[in-house]
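Trainee: Below is one structure. I have some questions about it.
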Amino acid sequence: MQQKMISIIIPIYNESPNIAHLHRAVASAIQKVPHSFEFLFVDDGSSDDSLKRLRQIARKDKRARVIELARNFGKEIAVTAGLHRARGDAAIIMDADLQHPPKLLPEFISEWEKGADVVVGVKEYANDTTWFKRITSHGFYAILDKVSQTSITPHASDFRLINRKVIDTFKQFTERNRMTRGLIDWSGFNRRYIHFKVPPRQHGEAGYTYRQLFRLAINSFTAYSMLPLKFAGWLGWFILFCSSILGGFVFVEKYLLGDPMHLQIRGTAILAIILLFMVGVVLVCLGFVALYIARIHDEVTNRPLYIVRNDTEEEL
């Protein structure tokens, strides 16, 4: 493969202690790769001296570019800003905390050279990973896989390489609450996987709090599944069915047969059944409203109707 350019996109938020180590590790890992590179450091409104350190690197390394966001917009938007400005034939997304091992970069590039459109880093947690993180991570992907209309690879990370066609496709997406890896997975394309063990964080603290991770999980469910929206309708049909059966039983047992089972069903119980029936009717109506909202959701996300990977006419 002839020499091409690869953009390495790294979102930065208060990663000052890691920046110098990160730059050295990435530069060392790609030293023998026969391609040119650009480093896109996206400063996501850092409050420490991360921006100062990034500018120092940019003055010494001509491959480095610093994109300074006006405030903290969040990691997903920072990655999006980097992808929008990437000039490479491919782009590699990685975190700044060195938990995405830079030494694996040649493997990602090798898979791309072999024809992969997307190369995904899949996490294998170390033995000292807390049980809480293991359970919540496994549960998140298990539930998302069941309810999502898009195939999401379990434990797939943001550490991935995408080629120029995937980058251009990603730039068509317009939703604001986004999960980058989910949008890339939705796009399809030919993909390969590289498994890696997550090393411990060397410096600083994790940028994602549990509250932010929970918010990302909710965004993922609502962006890639209509199940939460349809749940009210399904619950309504269930309540409607159960209350109808119960109401029919009460009518036959008390009024047609004269209470042969001696249940002595009183007016309060009958009123409760009627209220339960009406709740079911309301929830069913909400379910129908949800179907229309789902259609609106599909339209306003404004994703492309289809994606062409190759066109033989373009190759001629």
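To be explicit about the labels: the chains of the structure tokens are called A, B, and onward in the order shown, and within each one the residues are counted from 1, while ligands get numbers from 1 in the order they are shown.
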With only C-alpha atoms as the counted atoms, please give the residues lying no more than 10 Å from region 54-63 of chain A, apart from itself and same-chain residues fewer than 4 positions off, as a PyMOL selection string.
Mentor: chain A and resi 7+12+16+19-20+23+27+36-43+49-50+67-68
Trainee: Which region 37-113 of chain A residues have any atom within 12 Å of an atom of region 158-168 of chain A, and for each, what is the nearest pair of atoms with distance in Å to one decimal, counting only C-alpha atoms, rows sorted by chain and number, as JSON lines?
Mentor:
```
{"residue": "A:Lys75", "atom": "CA", "partner": "A:Asp158", "partner_atom": "CA", "distance": 10.4}
{"residue": "A:Glu76", "atom": "CA", "partner": "A:Asp158", "partner_atom": "CA", "distance": 9.7}
{"residue": "A:Val79", "atom": "CA", "partner": "A:Asp158", "partner_atom": "CA", "distance": 9.5}
{"residue": "A:Thr80", "atom": "CA", "partner": "A:Ile167", "partner_atom": "CA", "distance": 9.9}
{"residue": "A:Ala81", "atom": "CA", "partner": "A:Ile167", "partner_atom": "CA", "distance": 11.7}
{"residue": "A:Gly82", "atom": "CA", "partner": "A:Ile167", "partner_atom": "CA", "distance": 10.5}
{"residue": "A:Leu83", "atom": "CA", "partner": "A:Ile167", "partner_atom": "CA", "distance": 6.7}
{"residue": "A:His84", "atom": "CA", "partner": "A:Ile167", "partner_atom": "CA", "distance": 8.0}
{"residue": "A:Arg85", "atom": "CA", "partner": "A:Ile167", "partner_atom": "CA", "distance": 10.1}
{"residue": "A:Ala86", "atom": "CA", "partner": "A:Ile167", "partner_atom": "CA", "distance": 8.4}
{"residue": "A:Arg87", "atom": "CA", "partner": "A:Arg164", "partner_atom": "CA", "distance": 8.8}
{"residue": "A:Gly88", "atom": "CA", "partner": "A:Arg164", "partner_atom": "CA", "distance": 7.2}
{"residue": "A:Asp89", "atom": "CA", "partner": "A:Arg164", "partner_atom": "CA", "distance": 4.9}
{"residue": "A:Ala90", "atom": "CA", "partner": "A:Asn163", "partner_atom": "CA", "distance": 4.0}
{"residue": "A:Ala91", "atom": "CA", "partner": "A:Ile162", "partner_atom": "CA", "distance": 5.5}
{"residue": "A:Ile92", "atom": "CA", "partner": "A:Leu161", "partner_atom": "CA", "distance": 4.3}
{"residue": "A:Ile93", "atom": "CA", "partner": "A:Phe159", "partner_atom": "CA", "distance": 5.4}
{"residue": "A:Met94", "atom": "CA", "partner": "A:Phe159", "partner_atom": "CA", "distance": 4.7}
{"residue": "A:Asp95", "atom": "CA", "partner": "A:Phe159", "partner_atom": "CA", "distance": 7.2}
{"residue": "A:Ala96", "atom": "CA", "partner": "A:Phe159", "partner_atom": "CA", "distance": 10.7}
{"residue": "A:Asp97", "atom": "CA", "partner": "A:Phe159", "partner_atom": "CA", "distance": 11.8}
{"residue": "A:Leu98", "atom": "CA", "partner": "A:Phe159", "partner_atom": "CA", "distance": 10.8}
{"residue": "A:Gln99", "atom": "CA", "partner": "A:Phe159", "partner_atom": "CA", "distance": 9.5}
{"residue": "A:His100", "atom": "CA", "partner": "A:Phe159", "partner_atom": "CA", "distance": 6.3}
{"residue": "A:Pro101", "atom": "CA", "partner": "A:Phe159", "partner_atom": "CA", "distance": 9.1}
{"residue": "A:Pro102", "atom": "CA", "partner": "A:Phe159", "partner_atom": "CA", "distance": 9.9}
{"residue": "A:Leu104", "atom": "CA", "partner": "A:Phe159", "partner_atom": "CA", "distance": 10.1}
{"residue": "A:Leu105", "atom": "CA", "partner": "A:Leu161", "partner_atom": "CA", "distance": 9.1}
{"residue": "A:Pro106", "atom": "CA", "partner": "A:Leu161", "partner_atom": "CA", "distance": 10.9}
{"residue": "A:Glu107", "atom": "CA", "partner": "A:Leu161", "partner_atom": "CA", "distance": 10.3}
{"residue": "A:Phe108", "atom": "CA", "partner": "A:Leu161", "partner_atom": "CA", "distance": 6.6}
{"residue": "A:Ile109", "atom": "CA", "partner": "A:Leu161", "partner_atom": "CA", "distance": 7.6}
{"residue": "A:Ser110", "atom": "CA", "partner": "A:Leu161", "partner_atom": "CA", "distance": 10.6}
{"residue": "A:Glu111", "atom": "CA", "partner": "A:Leu161", "partner_atom": "CA", "distance": 9.3}
{"residue": "A:Trp112", "atom": "CA", "partner": "A:Asn163", "partner_atom": "CA", "distance": 7.7}
{"residue": "A:Glu113", "atom": "CA", "partner": "A:Asn163", "partner_atom": "CA", "distance": 10.1}
```
Trainee: Between A:Pro260, A:Thr180, A:Gly74, A:Arg191, which has the minimum distance to Lys114 (chain A) (counting only C-alpha atoms)?
Mentor: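 Comparing A:Pro260, A:Thr180, A:Gly74, A:Arg191 against Lys114 (chain A), the winner is A:Arg191.
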Trainee: Which of region 39-115 of chain A counts as strand (DSSP E or B) under DSSP, as an MDAnalysis selection string please?
Mentor: chainID A and resid 39:43 64:68 90:93
Trainee: Grab the CA of Ala290 (chain A) to CA of Met278 (chain A) distance for me, in Å with one decimal place.
Mentor: 18.3 Å
